[in-house]
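Trainee: My questions will all concern the structure given below.
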Amino acid sequence: MNHGFLAHARKDEITGRWQIHSLEDHLKETAIFSKKFAKKIGLDLTGELLGLLHDLGKYSLEYQCYLKSAVGMLCKGDKNYVDAKRYRGKIDHSTAGSQLLSEAFRDEIKISKLLGEMVSLCALSHHGSGLIDVYDIGGENKFSARVNKDFALTHYPEVTKKINHVISVRIGELINSEEKIDQLRNLISWIHGFFSGQIRSFTKGLLVRFLFSCLVDADRLSTSDFENPLDAELRYHGCYPDWQKLIDCFEGKSFEIRNEVDKKRCEISSSCRQRANDKQGHYYLTVPTGGGKTFASLRFALHHALQHKLDRIIYVIPYTSIIDQNASEVARIFNVISKGIVLEHHSNLSPEKDTWRNRILSENWDAPIVFTTSVQLLETLFGGGTRCVRRMHQLARSVIIFDEIQTLPIKTVHMFNNAINFLTYLCSSTVVFCTATQPVLHGVDPYKGAVPYSDVMELVDYPPLFATLKRVVVQDCLKNGGWMEEELSEEIKELLYEKGSVLVVTNTKPNAKHLYGACIGIAENLFHLSTDMCPKHRKEVLGKVIACLDPTNPKQVVCISTQLIEAGVDVDFGAVIRCLAGLDSIAQAAGRCNRNGRQKEGLGLVKIVNLRNENLDRLTEIRTAQEVTLRILGEYHKNPVVFDEDIIGHKAMKQFYKYYFYERAREMSYPLTRNELGHKDDLLSLLSTNQQSVDEHKRKYGSPTQYLRQSFMTAGKHFRVIDAPTKAIIVPYNEEAKLIITRLSTRLSVVEEANLLKAAQQYSVNIFSYMMEKLHQEKALYQTYEESEIWHLDARYYSKDFGVSLEPVAPMEFLNA
């Protein structure tokens, strides 16, 4: 039977009949989706052209024989049958469309050639490892080599004769469309008028990545909805409840005013509501810790989205340890409308939230309100491959809230700033930076990328807030030589008697562990928190801590924690001890003290200490931040009036970031070493002018012929949000974890194993290579099965108190966990 030209095929599990996804239907569906997505930035016709061109190579006989053999429509002995395993990934079906475009634009004007390069680059790359390099680091023109690939391998002449007539006519109309050229010309003219030099080239690169996102998502949607029809029913495709309905639900929730702090939180929220009708752009919400930023910024976003008819709200949070808390609070408000209003997308979802629908919608952030992590957001903007970039177009026409923006990795500052400007200026999005410790991202090198700033961009009049919301007094308790753990435990004991609850935040896990040991016996409720504990363990410990802090039934409690407790965790201690760190970290720790203003005597107490046995050899960022903090403390002690007599106030913080960013200015372009790249360079350069690669090309071949210059794939391979290489191991924390390990130790289907691994994330700990090596030496790690890359920990090496141990702990300790 002649089924025509196929894009995909599957056999119906019930009827046994072949279900055919014709190539014509796939190209048209992809074009419809891609056109819709690209319209967000006014390039709908370019998006449509992308969709129609991307899979033209599938018209070749070679590809059709491969596909029909792969799915079983052709069997051994049939005419045209091929061994599909040998051909998998080896038949080029993405170059023919680019060659067609190259032929059409060969003698065209510059803007047409630029459009041709952009569209061709996206089409060439849609089934590979992400956007390919235009010029690689060796100076080779990879783009030209691909477009000029032998027709015998791309099947270009054969394909052009077989293209469906309707599709062929539409491709011709789009290629010759002046409107399409005008759309791009307007956008490029705007880029040229607003940006220059390196930033101009970087912005064009982001434009290419945006179009690539449109194509990848469109292609995946068309394919997935055919292969898994039930998935199509789970998608919203942007059809969400009206913003007014969500606003009515949100505004109908009553927020209890118990004290002056709650009163201020309401005032902050009201200010955000009043500013929601302002024009789109860039805003700052600078509010002291505990000022109610989450709901205030959400209130702004809801009304702003209604005012400007935007598509979604994306809430970006730095740590998985706090995203669950914030997302759950927001979801509870809207659950009366639908449980699908709030989408959580991060690596640490609890099993009850990790539904199949959540996974489907997370692929492209298809929900009105999305909670995700900084890692996911930065990978979407800069990461390699096609999985993350697929979501980029959803950042357009959105309100994007960055909570705790001060946690942005320094190495990404310039790239991030340029991406934010791209989203606000070209993609009709509004961005809000939320924090108590606002980094001066507007004060960095403007020639490499800075965000705009003016007082009118502040959503609230923040300077008075730091005085009215002052709930702690900060004491400098640094001393020559530093504190020994035993000394500090005595200090903790005295504070516990005076304040009833004490939080201690250290810079390193060994210090937290040793201090915990020194404090045993001083409090009935003594807890430890660090990332050496699996998420389930941390969550349970934090729950016990919060129970002890219940104001209606308080119990004496001491918690020794690493920095994971600082940003966004809603706890309220009577006193906090913070080991010397950056002033921003000290302020964040202080936000866990007297957070709700409940202390009868007025102010909570925060003490800054230095530890004698602190080893920061692997943590140079913290050491640099400590040095800057010492400088600020010195200036403060000389003249506290200059800082409004508040060492963690906004004036001190502004000065801290001025010094800190100066010290680390060379790191902000994401530098790469000679060992990493073959020569010294940075990602900002690779994704913009790519000067060293272009110079090498000139040396070898003469002046470059492409308008685009970027090494997209090379940059994507080197981009990492988190520097330190870690590997996840599964720990036998409880009976459920042990059951997961047991099941993973048997041979499972790919789907079964994937589902179990998702459940295992609650019982996983990321450990550094030196820890991995030590545990291997101890024979404390086991593969789930031979040749598996999944490792689990011997129960003797997991402590109920502090998690993963490099030495055995008593088995009884674990059994009682």
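Letters for chains follow the order of the structure tokens (A, B, ...), residue numbers begin at 1 for each chain, and ligand numbers begin at 1 in the order shown.
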Looking only at the backbone, which of the residues in segment 654-729 of chain A does DSSP tag as strand (DSSP E), as an MDAnalysis selection string?

Mentor: chainID A and resid 671:672 681:682 726:729

Trainee: Convert the current residue selection to file output with N, CA and C atoms, as a PDB file, in the first residue's frame.

Mentor:
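Just written: out_39.pdb:
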```
ATOM      1  N   PRO A 671      34.441  33.697  31.533  1.00  0.00           N
ATOM      2  CA  PRO A 671      35.753  33.378  30.944  1.00  0.00           C
ATOM      3  C   PRO A 671      35.981  31.874  30.824  1.00  0.00           C
ATOM      4  N   LEU A 672      36.697  31.497  29.767  1.00  0.00           N
ATOM      5  CA  LEU A 672      37.105  30.107  29.550  1.00  0.00           C
ATOM      6  C   LEU A 672      38.628  30.063  29.462  1.00  0.00           C
ATOM      7  N   ASP A 681      39.313  32.754  26.119  1.00  0.00           N
ATOM      8  CA  ASP A 681      38.212  33.501  25.513  1.00  0.00           C
ATOM      9  C   ASP A 681      37.081  33.530  26.525  1.00  0.00           C
ATOM     10  N   ASP A 682      35.924  34.006  26.125  1.00  0.00           N
ATOM     11  CA  ASP A 682      34.770  33.972  27.026  1.00  0.00           C
ATOM     12  C   ASP A 682      33.500  33.732  26.225  1.00  0.00           C
ATOM     13  N   THR A 726      29.501  17.631  40.059  1.00  0.00           N
ATOM     14  CA  THR A 726      28.959  16.748  41.089  1.00  0.00           C
ATOM     15  C   THR A 726      28.228  15.592  40.424  1.00  0.00           C
ATOM     16  N   LYS A 727      28.035  14.538  41.174  1.00  0.00           N
ATOM     17  CA  LYS A 727      27.273  13.390  40.690  1.00  0.00           C
ATOM     18  C   LYS A 727      26.265  13.003  41.751  1.00  0.00           C
ATOM     19  N   ALA A 728      25.060  12.676  41.318  1.00  0.00           N
ATOM     20  CA  ALA A 728      24.006  12.317  42.255  1.00  0.00           C
ATOM     21  C   ALA A 728      24.123  10.850  42.643  1.00  0.00           C
ATOM     22  N   ILE A 729      23.995  10.596  43.934  1.00  0.00           N
ATOM     23  CA  ILE A 729      23.890   9.221  44.418  1.00  0.00           C
ATOM     24  C   ILE A 729      22.584   9.095  45.191  1.00  0.00           C
TER      25      ILE A 729
END
```

Trainee: Name all residues at most 10 Å from Gly197 of chain A (count only C-alpha atoms; drop same-chain ones fewer than 3 positions away) and give them as a list of chain:residue names.

Mentor: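 Within the cut-off, the hits are A:His192, A:Arg200, A:Ser201, A:Phe202, A:Tyr447, A:Lys448, A:Ser688, A:Thr689.
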
Trainee: Quick one: residues within 8 Å of Ser98 of chain A, only C-alpha atoms, excluding same-chain residues fewer than 3 positions away - as a ChimeraX atom specification?

Mentor: /A:53-54,94-95,101-102,119-121,123-124,147

Trainee: For the residues in that selection, give me N, CA and C atoms as a JSON list (two decimals), in the first residue's frame.

Mentor:
```
[["chain", "number", "residue", "atom", "x", "y", "z"],
["A", 53, "LEU", "N", 10.11, 24.62, 5.91],
["A", 53, "LEU", "CA", 11.40, 24.20, 5.35],
["A", 53, "LEU", "C", 12.10, 23.10, 6.15],
["A", 54, "HIS", "N", 11.82, 23.00, 7.44],
["A", 54, "HIS", "CA", 12.75, 22.29, 8.34],
["A", 54, "HIS", "C", 12.94, 20.81, 8.02],
["A", 94, "SER", "N", 17.69, 17.63, 7.18],
["A", 94, "SER", "CA", 17.49, 19.03, 7.60],
["A", 94, "SER", "C", 18.26, 20.04, 6.77],
["A", 95, "THR", "N", 19.12, 19.57, 5.87],
["A", 95, "THR", "CA", 19.95, 20.50, 5.08],
["A", 95, "THR", "C", 19.25, 20.96, 3.80],
["A", 101, "LEU", "N", 16.81, 27.66, 0.50],
["A", 101, "LEU", "CA", 16.82, 29.06, 0.89],
["A", 101, "LEU", "C", 18.09, 29.76, 0.40],
["A", 102, "SER", "N", 19.22, 29.05, 0.49],
["A", 102, "SER", "CA", 20.49, 29.62, 0.04],
["A", 102, "SER", "C", 20.45, 29.95, -1.44],
["A", 119, "VAL", "N", 17.32, 31.67, 9.24],
["A", 119, "VAL", "CA", 16.38, 30.57, 9.01],
["A", 119, "VAL", "C", 17.14, 29.28, 8.72],
["A", 120, "SER", "N", 18.17, 29.36, 7.88],
["A", 120, "SER", "CA", 18.95, 28.17, 7.53],
["A", 120, "SER", "C", 19.62, 27.57, 8.76],
["A", 121, "LEU", "N", 20.19, 28.43, 9.58],
["A", 121, "LEU", "CA", 20.89, 27.96, 10.78],
["A", 121, "LEU", "C", 19.93, 27.19, 11.69],
["A", 123, "ALA", "N", 17.06, 25.68, 10.79],
["A", 123, "ALA", "CA", 16.63, 24.44, 10.14],
["A", 123, "ALA", "C", 17.73, 23.38, 10.20],
["A", 124, "LEU", "N", 18.96, 23.80, 9.95],
["A", 124, "LEU", "CA", 20.09, 22.86, 9.98],
["A", 124, "LEU", "C", 20.27, 22.21, 11.34],
["A", 147, "VAL", "N", 25.76, 24.12, 4.47],
["A", 147, "VAL", "CA", 24.86, 24.55, 3.40],
["A", 147, "VAL", "C", 25.37, 24.07, 2.04]]
```

Trainee: Could you pull out the helix (DSSP H, G or I) residues of segment 391-624 of chain A from DSSP and send them as a PyMOL selection string?

Mentor: chain A and resi 391-395+405-407+410-425+455-457+462-468+485-499+509-519+535-548+563-565+583-590+620-624

Trainee: Suppose we keep C-alpha atoms; can you now write the selection as a compact mmCIF listing (two decimals), in the first residue's frame?

Mentor:
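And here is the file that came out, again.txt:
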```
# COMPACT_ATOMS: atom_id res chain seq x y z
CA ARG A 391 11.04 27.02 26.16
CA MET A 392 12.74 30.30 25.27
CA HIS A 393 9.91 31.72 23.15
CA GLN A 394 7.60 31.40 26.18
CA LEU A 395 9.65 34.13 27.87
CA ILE A 405 18.33 38.13 42.14
CA GLN A 406 21.55 38.58 44.15
CA THR A 407 22.19 34.83 43.75
CA ILE A 410 28.80 36.25 38.67
CA LYS A 411 30.16 34.65 35.50
CA THR A 412 26.78 35.06 33.76
CA VAL A 413 26.21 38.75 34.60
CA HIS A 414 26.85 40.33 31.18
CA MET A 415 25.12 37.58 29.19
CA PHE A 416 22.17 37.67 31.58
CA ASN A 417 21.87 41.47 31.40
CA ASN A 418 21.88 41.39 27.60
CA ALA A 419 19.23 38.66 27.61
CA ILE A 420 17.04 40.68 29.98
CA ASN A 421 17.32 43.71 27.69
CA PHE A 422 16.41 41.49 24.73
CA LEU A 423 13.31 40.24 26.55
CA THR A 424 12.14 43.67 27.70
CA TYR A 425 12.96 45.66 24.56
CA ASP A 455 14.43 55.57 40.64
CA VAL A 456 11.10 55.33 38.83
CA MET A 457 11.82 51.62 38.18
CA TYR A 462 12.44 51.34 49.64
CA PRO A 463 14.86 53.49 51.73
CA PRO A 464 12.30 54.19 54.51
CA LEU A 465 11.38 50.50 54.60
CA PHE A 466 14.80 49.54 55.90
CA ALA A 467 14.18 51.72 58.93
CA THR A 468 10.53 50.81 59.56
CA GLU A 485 33.72 25.52 67.77
CA GLU A 486 33.73 24.89 71.52
CA GLU A 487 33.78 28.64 72.27
CA LEU A 488 30.96 29.26 69.84
CA SER A 489 28.87 26.48 71.35
CA GLU A 490 29.03 28.32 74.71
CA GLU A 491 27.89 31.52 72.97
CA ILE A 492 25.01 29.59 71.39
CA LYS A 493 24.05 28.21 74.80
CA GLU A 494 23.84 31.72 76.29
CA LEU A 495 21.84 33.04 73.34
CA LEU A 496 19.47 30.10 73.57
CA TYR A 497 18.74 30.93 77.21
CA GLU A 498 18.21 34.60 76.33
CA LYS A 499 16.30 34.30 73.02
CA LYS A 509 29.55 21.74 55.45
CA PRO A 510 32.49 20.51 57.57
CA ASN A 511 32.14 23.54 59.85
CA ALA A 512 28.39 22.94 60.20
CA LYS A 513 29.02 19.32 61.04
CA HIS A 514 31.75 20.05 63.61
CA LEU A 515 29.76 22.82 65.26
CA TYR A 516 26.74 20.52 65.44
CA GLY A 517 28.91 17.99 67.28
CA ALA A 518 30.14 20.67 69.69
CA CYS A 519 26.53 21.68 70.47
CA PRO A 535 15.76 16.64 49.97
CA LYS A 536 13.29 14.43 51.84
CA HIS A 537 15.56 14.46 54.91
CA ARG A 538 16.03 18.24 54.76
CA LYS A 539 12.31 18.82 54.35
CA GLU A 540 11.49 16.69 57.39
CA VAL A 541 14.15 18.38 59.54
CA LEU A 542 12.98 21.82 58.46
CA GLY A 543 9.44 20.81 59.38
CA LYS A 544 10.59 19.91 62.89
CA VAL A 545 12.44 23.23 63.19
CA ILE A 546 9.36 25.18 62.11
CA ALA A 547 7.24 23.25 64.62
CA CYS A 548 9.62 24.28 67.41
CA GLN A 563 23.69 28.78 53.37
CA LEU A 564 20.74 26.77 52.03
CA ILE A 565 18.47 28.26 54.73
CA LEU A 583 27.27 41.36 53.35
CA ASP A 584 24.39 40.15 51.17
CA SER A 585 24.58 36.71 52.80
CA ILE A 586 24.69 38.25 56.26
CA ALA A 587 21.59 40.30 55.48
CA GLN A 588 19.79 37.23 54.15
CA ALA A 589 20.66 35.28 57.32
CA ALA A 590 19.43 38.23 59.39
CA THR A 620 37.20 31.60 46.52
CA GLU A 621 33.95 33.51 45.88
CA ILE A 622 33.16 33.46 49.60
CA ARG A 623 36.71 34.51 50.48
CA THR A 624 36.48 37.51 48.12
```

Trainee: Of the candidates A:Ala665, A:Ile560, A:Glu524, A:Met533, which one gets nearest to Val444 of chain A if we count only C-alpha atoms?

Mentor: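 Looking only at the distances to Val444 of chain A, the closest residue turns out to be A:Ala665.
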
Trainee: Which residue gives the smallest distance to Ile167 of chain A among A:Lys28, A:His679, A:Arg595, A:Arg720, with only C-alpha atoms counted?

Mentor: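 Smallest distance to Ile167 of chain A is found for A:Lys28.
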